[in-house]
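K.L.:
Would you mind keeping the following structure in view while I ask a few things?
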Amino acid sequence: MSAPNKSYDPVEVEALKPEEVERMRDEAIAAIAAAADLDALREVKAAHSGDRSPLALANREIGALPPHAKAEAGKRVGQARAAVNKAFAARQEELEAERDARVLVEEAVDVTLPHDRVLAGARHPITTLSERIEDIFVAMGYEVAEGPEVEAEWFNFDALNFPPDHPAREMQDTFFVREAGTASGAQGGSGEESGVVLRTHTSPVQIRSMIDREPPVYVICPGRTFRTDELDATHTPVFHQVELLAIDEGLTMADLKGTLDHMVQALFGEGMSTRLRPNYFPFTEPSAEMDMECYVCRGASVGDPDRPCRTCGSEGWIELGGCGMVNPRVLVACGVDPRKYSGFAFGFGIERMLMFRHSVEDMRDMIEGDVRFTRPFGMEI
Amino acid sequence: MRIPLSWLREYVDLPAAETGRDVQARLVATGLEVETVEQLGAGLKGPLVVGKVLTIEELEGFKKPIRFCTVDVGTANGTGEPQEIVCGARNFAVGDKVVVVLPGAVLPGDFKIAARKTYGKVSHGMICSGDELGMGDDGSGGIIVLPPEYEVGTDAIALLELVDEVLDIAVTANRGDCLSMRGVAREAAIAYGLPLRDPALLDVPPPNSYGYLVGVSDPAGCDRFTARTVTGLDPDARSPIWLQRRLQKAGMRPISLAVDVTNYVMLELGQPLHAYDRSRLDGPIGVRRAQQGEKLTTLDGAQRVLDAEDLVITDNSGPIGLAGVMGGADTEIADVTRDPETGESRGTTDIVVEAAHFDAVSIARTARRHKLSSEAAKRFERGVDPNAASAAAQRTVDLLVLLAGGTAEAGVTEVVAPSGPRTISVSADHPDRVAGVEYGRETVVRRLQEVGCDVYGQDELVVTVPSWRPDLADPNDLAEEVIRLEGYENLPSTLPQPPAGRGLTERQRLRRRIGRALAGAGYVEALNYPFLSEDVFDQLGLASDDPRRTVVRLVNPLSESEPALRTTLLPGLLTALRRNDGRGDHDLALFETGLVFRPTGHEAPAVRLPVDRRPTDEEIAALNAALPAQPRRVAVVLAGAREQAGWWGKGRPATWADAVEAGRTVAREAGVELIVRQDQHAPFHPGRCAALLALVDGAEVLVGNAGELHPRVVKALGLPERTCAMEIDLDRLEPAGTGAVRAPRVSTFPVATQDVALVVDGEVAAADVESALRAGAGELLESLRLFDVFTGEQLGEGKKSLAYALRFRAADRTLTAEEATAARDAAVASARERTGAVLRGA
């Protein structure tokens, strides 16, 4: 750096006088404060802090000052410019915030508008209730077993200890399949010679399970079944069952009872119990009808005409289905040694359970495929 | 079986205060399903008395004949004066004893009786019919005319036993013994721990050689035949009120004394009986199998052509009855007629009573073959106590002698095929092991004795079962007797511990995923009946040799118009679609998964395998071969808008593309990338039909079809326009699954995107262009997407432009522009070579 020019003749510079610099600074800050929007602020900025602004011009004059005055003047102008820039930045921020707020307000929408562009789908409650029951038992270690719906009579009846011509066969109104090759007309004869039926229960799946597996066997058999009932509010010729079969060493009726209790508690809540009543089925011996405690009134409606229960008809119990210890004759037909193994089985209708669990009043609603019925059931039940 | 409580009390001294509901609860707990308890005469209030008709004045001028009567009711009306009553019935005469209800009384159904003016007279009460008193139909069609011996003024509520309770029991197929008062009374006695007065314990004279001749030539079908003869019956004798009332309460109609008595004894002892008019029998009675084609007219008037398996009762003239099912008309007890000259009654005076025991299976088959269900057949099928036959015959004879003034002949015919008592060996702790409860030997023996068994032995019991319980055959049958009498309600609750499971199978999980995926895509599941009319195949436009026309048919369909089982899911789903549309829902997407039935049409009949052992694998295979193939399928149908119009803009109709996409949705869940090809397949629009294929072991397999339905099909089935559908065979799709997904390597180097527009002939499939591009682009290609399809004049006639976005990326470096371009050029060159594609603008 060269030495100060001692020969330089200092000049009095008007613009660098302290009062003048303060005035310029104050004017600038006032203009910034007065800027109403970002565009105005940009103009104010050009006028008061741009290259042609009074403070910038004043800054250029510093060189004309004598060396001893330069520092002081430079400091004065520098502070003024800093103050202006600070005010500018603050105002800039303030105005931007204002602008942003305004834009967001303008962008507001009615979030209550519907958006039903694609209508919701749903699975049928018969499917999902069946799965829910399967899951209870799968969690305990059971397998889910399935089989054909058009089934040989041997699987549907004989192996289940329905002797030929026994009246028990007539308990299940059976659809018989016409023998292959016979026409649909009357010349087909009685047609029962085909030995094939639409399964009247999912019990043939139990037979197939025992034939296919070595004991122990723990299976749950859901599926579609058929009986020649006319469709009305409480009957359908095509319905769904869930059956359970357990074959192991030392299984007892107490195990059957415990398994039933577990299921109704899983489906209907803690503390629910079941009741067995003696009955007759060819495939179980001993056999029982199973009822569950009414999950709505829990028996409180019994004998209390002021609090009738629609779910159980004020009986306190709801009929579920049939159950029992697998008849040893059935085990023999499946190659299971009844001296070593015993087992229990139960079965019930899904439609019926759906009716009382979800207050379905008319069976037809379940079979007609009306989307208004099915949609509310969603994906799971 | 209807059990009047008053009748039941004749055999068991039930506590006097015990109601029908109480008895119901006890019987249900021990094993009889008492469905209802009917309250007879509920709300009934007298005075209801016996009256004697004094005068009858026929009133003229009304639409129907009306009688104004005076009736002597004794002092029941408080005055002793004749009661004036208007009556519309005509089956009575002056001097007849009738049942009169007086003002102030209430009849069943809250029918309050008061003096009222009718047909110009004041009627002070009513002369009653059985119906009005809740007695059930007595067949008379008029008012009750009582036998003359009853005193005027007697309370008729007690006389006619109008107040009672009736237990209605649904008897299970194994408990034939409970189709009788005797059997139910035994159950009630056990349930209450009270002694039973067994009505079958009668003094029966031993058989001798001078009874009515009977020859049984088929002892297997008929192991017991008892015949007794009663002579000198009064044809005018009528069943007494008590007997008629018991029959009515049990649900049977009184007919004539002889018939009523046989019915009564059947209800009491469970033994079906038959009464022959001896004067109409031609020689000895025989029991044999029918000759094929023999004819018999049964009591119901039907002429029946007999089968060689039918067991028949014969005399010299041929068959006179279907054994154990129904008697023949020729030897029926005659209706009473009056000789027009002498006024004497003519009717049956000599009766041969049959009490026999027939083979249950034979009876069941005959009843079913002739579609003839009778009270007798119902009992024989379910098991009748063979040892009660003699007692039943004796009881019938006794009642005929008592009530009809007959004389019992000394001859007693009994033809018996010898058989020993049936015994079962069972461990004393078997019931304990079945129940999971420690009953102990003492309890087991006591309970078995209660049901009528003789029990010997200590740890191993030898149990002789009673003749009335043919259902007791196995150790478990005995276990059930013990457990039910000890109370099912006392069974503990324990949980068995199955071995650790593996959860659902892959196939089961797949089915659930498909359901969720389709429901997530807006499809609603419908579960449709599998029954079809074969006309639907014409409506679907199937060719005459289409394999879907080969159906399983039912012998006894619910509706004659729908005798076949579905071979495709579409008809059922389309019916559901139409139903929804008809109910006002027009934007529809439905799905179903389920079995279809695809016979070859040449299935052999299923054989009847033995049940005393496991069938061999070959036998099971043969049985399975008798069944049609039953693949599981999934199908969707769509109509109306797939996307709704709304404030966001226009809606979008469901199209063939949605149907194909539904197929891809299903395949994706199965881990399968579908190959889609143009196809022509009924019932689809020939230009808008896709074949859906999958690769299984390197070979393409057709798994289904999708597209828009043929307009003719839409019209024939009355469907919404442009209805679309998809159907996939899951059994074929599943093996194409690629198994566990291999994780892709995710490169973090930048992507290089190149767009190309290719002009091809209109009939070139986009899928072919895409696969050509992929093949040419090489391994740098990360993804490829068709983003536009364009046709226009500038392309030239029959041309289309396909615009693709290609994304290239390398795993280990940033691609240069040259590399990306080279890959793109290779892709385009491949497309040019395979499909004739030309770069647009090139």
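Identifiers in the structure tokens: chain A, B, ... in order shown; residue index from 1 per chain; ligand index from 1 in order shown.
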From a DSSP pass on the backbone, collect the residues of stretch 80-183 of chain A flagged as strand (DSSP E) and hand them back as a PyMOL selection string.
P.N.:
chain A and resi 143-144+150-152
K.L.:
Would you list the contacts of B:Arg677 as a PDB file with N, CA and C atoms, in the first residue's frame, taking every protein, DNA or RNA residue within 10 Å and counting only C-alpha atoms, but skipping same-chain residues closer than 5 positions in sequence?
P.N.:
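Ended up saving to result-v3.pdb:
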ATOM      1  N   CYS B 689     -61.619 -59.774 -26.759  1.00  0.00           N
ATOM      2  CA  CYS B 689     -61.472 -60.945 -25.905  1.00  0.00           C
ATOM      3  C   CYS B 689     -59.997 -61.276 -25.763  1.00  0.00           C
ATOM      4  N   ALA B 690     -59.574 -61.454 -24.542  1.00  0.00           N
ATOM      5  CA  ALA B 690     -58.176 -61.786 -24.273  1.00  0.00           C
ATOM      6  C   ALA B 690     -58.075 -63.202 -23.755  1.00  0.00           C
ATOM      7  N   ALA B 691     -57.094 -63.929 -24.270  1.00  0.00           N
ATOM      8  CA  ALA B 691     -56.720 -65.190 -23.642  1.00  0.00           C
ATOM      9  C   ALA B 691     -55.692 -64.855 -22.574  1.00  0.00           C
ATOM     10  N   LEU B 692     -55.844 -65.444 -21.409  1.00  0.00           N
ATOM     11  CA  LEU B 692     -54.898 -65.217 -20.313  1.00  0.00           C
ATOM     12  C   LEU B 692     -54.068 -66.480 -20.160  1.00  0.00           C
ATOM     13  N   LEU B 693     -52.767 -66.335 -20.307  1.00  0.00           N
ATOM     14  CA  LEU B 693     -51.892 -67.504 -20.263  1.00  0.00           C
ATOM     15  C   LEU B 693     -50.825 -67.322 -19.193  1.00  0.00           C
ATOM     16  N   ASN B 705     -59.906 -66.368 -19.541  1.00  0.00           N
ATOM     17  CA  ASN B 705     -60.239 -65.388 -20.561  1.00  0.00           C
ATOM     18  C   ASN B 705     -60.820 -64.154 -19.903  1.00  0.00           C
ATOM     19  N   ALA B 765     -49.813 -56.620 -31.857  1.00  0.00           N
ATOM     20  CA  ALA B 765     -50.184 -56.531 -30.447  1.00  0.00           C
ATOM     21  C   ALA B 765     -49.135 -55.734 -29.662  1.00  0.00           C
ATOM     22  N   ALA B 766     -49.621 -54.855 -28.832  1.00  0.00           N
ATOM     23  CA  ALA B 766     -48.715 -54.055 -28.010  1.00  0.00           C
ATOM     24  C   ALA B 766     -47.814 -54.952 -27.180  1.00  0.00           C
ATOM     25  N   ALA B 767     -48.373 -56.076 -26.740  1.00  0.00           N
ATOM     26  CA  ALA B 767     -47.576 -56.978 -25.915  1.00  0.00           C
ATOM     27  C   ALA B 767     -46.364 -57.494 -26.686  1.00  0.00           C
ATOM     28  N   ASP B 768     -46.519 -57.700 -28.010  1.00  0.00           N
ATOM     29  CA  ASP B 768     -45.385 -58.194 -28.812  1.00  0.00           C
ATOM     30  C   ASP B 768     -44.331 -57.116 -28.967  1.00  0.00           C
TER      31      ASP B 768
END
K.L.:
Which residues are near stretch 259-264 of chain B? Cut-off 7 Å, only C-alpha atoms, ignore same chain within fewer than 2 positions. Put them as number ranges by chain.
P.N.:
B: 247, 254-257, 266-268, 273-274, 396, 399
K.L.:
Atoms to include: N, CA and C atoms. Write the selected residues as a tab-separated table (two decimals), in the first residue's frame.
P.N.:
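Result file follows (out_35.tsv):
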chain	number	residue	atom	x	y	z
B	247	LEU	N	-106.22	-90.87	21.50
B	247	LEU	CA	-105.77	-90.88	20.10
B	247	LEU	C	-105.65	-89.46	19.56
B	254	PRO	N	-109.72	-90.74	15.45
B	254	PRO	CA	-110.52	-91.94	15.70
B	254	PRO	C	-111.27	-92.33	14.43
B	255	ILE	N	-111.31	-93.65	14.15
B	255	ILE	CA	-111.95	-94.09	12.92
B	255	ILE	C	-113.06	-95.10	13.23
B	256	SER	N	-112.67	-96.23	13.76
B	256	SER	CA	-113.67	-97.21	14.18
B	256	SER	C	-113.05	-97.95	15.35
B	257	LEU	N	-113.84	-98.67	16.07
B	257	LEU	CA	-113.32	-99.27	17.29
B	257	LEU	C	-112.12	-100.17	17.03
B	266	MET	N	-100.61	-99.60	19.45
B	266	MET	CA	-99.35	-99.21	18.82
B	266	MET	C	-98.76	-98.00	19.55
B	267	LEU	N	-99.59	-97.02	19.86
B	267	LEU	CA	-99.08	-95.84	20.56
B	267	LEU	C	-98.59	-96.24	21.95
B	268	GLU	N	-99.28	-97.15	22.58
B	268	GLU	CA	-98.92	-97.51	23.95
B	268	GLU	C	-97.64	-98.34	24.00
B	273	LEU	N	-99.72	-103.02	14.62
B	273	LEU	CA	-100.63	-104.17	14.58
B	273	LEU	C	-101.47	-104.07	13.33
B	274	HIS	N	-102.00	-105.22	12.95
B	274	HIS	CA	-102.93	-105.18	11.84
B	274	HIS	C	-104.11	-106.07	12.18
B	396	THR	N	-104.48	-105.94	22.57
B	396	THR	CA	-105.49	-105.66	21.54
B	396	THR	C	-106.71	-106.55	21.76
B	399	LEU	N	-108.72	-105.37	24.78
B	399	LEU	CA	-109.51	-104.16	24.55
B	399	LEU	C	-110.72	-104.46	23.66
K.L.:
Let me make sure I understand: among A:Pro164, A:Pro216, A:Gly378, A:Pro222, which one has the smallest atom-to-atom distance to A:Pro148 if we use only C-alpha atoms?
P.N.:
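That would be A:Pro222, the residue with the smallest distance to A:Pro148.
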K.L.:
Identify, with DSSP run on backbone atoms, the residues in stretch 219-409 of chain B assigned to alpha helix (DSSP H), and express the list as a PyMOL selection string.
P.N.:
chain B and resi 241-249+257-269+360-369+375-382+389-404
K.L.:
Show me, as a list in words, the residues that have an atom within 12 Å of A:Arg213 when counting only C-alpha atoms, minus same-chain residues fewer than 3 positions from it.
P.N.:
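Near A:Arg213, the qualifying residues are Glu143, Ala145, Val205, Gln206, Ile207, Arg208, Ser209, Met210, Pro216, Val217, Tyr218, Val219, Ile247, Cys334, Gly335 and Val336 of chain A.
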K.L.:
Please identify all polymer residues within 12 Å of stretch 113-115 of chain A, counting only C-alpha atoms, omitting same-chain residues fewer than 4 positions from it, and present them as an MDAnalysis selection string.
P.N.:
(chainID A and resid 109 119:120) or (chainID B and resid 643:649 651)
K.L.:
Write out, as a compact mmCIF listing (two decimals), in the first residue's frame, the residues just selected, with N, CA and C atoms.
P.N.:
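Writing the result to out_4.txt gives the following:
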# COMPACT_ATOMS: atom_id res chain seq x y z
N VAL A 109 -59.35 -25.45 0.35
CA VAL A 109 -60.40 -26.21 -0.33
C VAL A 109 -61.42 -26.66 0.69
N LEU A 119 -65.98 -47.21 -6.26
CA LEU A 119 -66.78 -47.71 -5.14
C LEU A 119 -66.01 -48.79 -4.40
N ALA A 120 -66.26 -48.88 -3.10
CA ALA A 120 -65.54 -49.85 -2.28
C ALA A 120 -65.98 -51.26 -2.64
N GLU B 643 -65.17 -45.88 -12.81
CA GLU B 643 -64.91 -44.70 -11.97
C GLU B 643 -66.10 -43.76 -12.12
N GLN B 644 -66.54 -43.26 -11.00
CA GLN B 644 -67.71 -42.41 -10.98
C GLN B 644 -67.38 -41.01 -11.49
N ALA B 645 -68.36 -40.35 -12.10
CA ALA B 645 -68.23 -38.92 -12.37
C ALA B 645 -68.44 -38.19 -11.06
N GLY B 646 -67.84 -36.99 -10.96
CA GLY B 646 -68.01 -36.24 -9.72
C GLY B 646 -67.43 -34.85 -9.89
N TRP B 647 -67.24 -34.17 -8.78
CA TRP B 647 -66.71 -32.82 -8.85
C TRP B 647 -65.31 -32.80 -9.44
N TRP B 648 -64.64 -33.96 -9.41
CA TRP B 648 -63.28 -34.03 -9.96
C TRP B 648 -63.27 -34.16 -11.47
N GLY B 649 -64.42 -34.46 -12.05
CA GLY B 649 -64.45 -34.58 -13.50
C GLY B 649 -65.30 -35.75 -13.93
N GLY B 651 -66.59 -39.46 -15.23
CA GLY B 651 -66.43 -40.85 -14.84
C GLY B 651 -65.82 -41.65 -15.98
K.L.:
One number please: atom CA of A:Thr200 to atom CA of A:Trp154, in Å, one decimal.
P.N.:
12.4 Å
K.L.:
Using only C-alpha atoms, can you tell me which of A:Glu293, A:Ala180, A:Asn59, A:Gly141 comes closest to A:Gly271?
P.N.:
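For A:Gly271, the nearest of the candidates is A:Glu293.
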K.L.:
Atom CA of B:Phe808 and atom CA of B:Gly778, how far apart in Å?
P.N.:
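According to the coordinates, atom CA of B:Gly778 and atom CA of B:Phe808 are separated by 9.6 Å.
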K.L.:
Using only C-alpha atoms, find each residue of stretch 117-138 of chain A with at least one atom at most 9 Å away from an atom of stretch 363-376 of chain A; report its shortest atom-to-atom pair and that distance in Å (one decimal), sort the rows by chain and rising residue number, and return the result as a tab-separated table.
P.N.:
residue	atom	partner	partner_atom	distance
A:Ala120	CA	A:Arg375	CA	7.2
A:Gly121	CA	A:Arg375	CA	6.3
A:Ala122	CA	A:Arg375	CA	5.1
A:Arg123	CA	A:Thr374	CA	7.1
A:His124	CA	A:Thr374	CA	5.8
A:Pro125	CA	A:Thr374	CA	6.9
A:Ile126	CA	A:Met366	CA	7.9
K.L.:
Keeping C-alpha atoms for every residue in the selection just given, could you write it to a file as a PDB file, in the first residue's frame?
P.N.:
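Generated output (selection.pdb):
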ATOM      1  CA  ALA A 120     -65.544 -49.845  -2.277  1.00  0.00           C
ATOM      2  CA  GLY A 121     -65.398 -53.591  -2.746  1.00  0.00           C
ATOM      3  CA  ALA A 122     -66.023 -56.203  -0.084  1.00  0.00           C
ATOM      4  CA  ARG A 123     -65.740 -59.887   0.622  1.00  0.00           C
ATOM      5  CA  HIS A 124     -68.803 -61.898   1.425  1.00  0.00           C
ATOM      6  CA  PRO A 125     -69.456 -62.251   5.168  1.00  0.00           C
ATOM      7  CA  ILE A 126     -69.895 -66.009   4.776  1.00  0.00           C
TER       8      ILE A 126
END
K.L.:
Can you tell me, as a VMD selection string, what residues are no more than 10 Å from B:Arg832 when counting only C-alpha atoms, ignoring any on the same chain fewer than 2 positions away?
P.N.:
chain B and resid 758 to 760 769 772 to 773 826 to 830 834 to 839
K.L.:
For the atom pair atom CA of B:Val353 and atom CA of B:Arg238, what is the interatomic distance in Å to one decimal place?
P.N.:
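According to the coordinates, atom CA of B:Val353 and atom CA of B:Arg238 are separated by 18.4 Å.
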K.L.:
Residues at most 8 Å from A:Arg132, counting only C-alpha atoms, excluding those fewer than 3 positions away in the same chain, as a VMD selection string?
P.N.:
chain A and resid 128 to 129 135 to 136 380 to 381
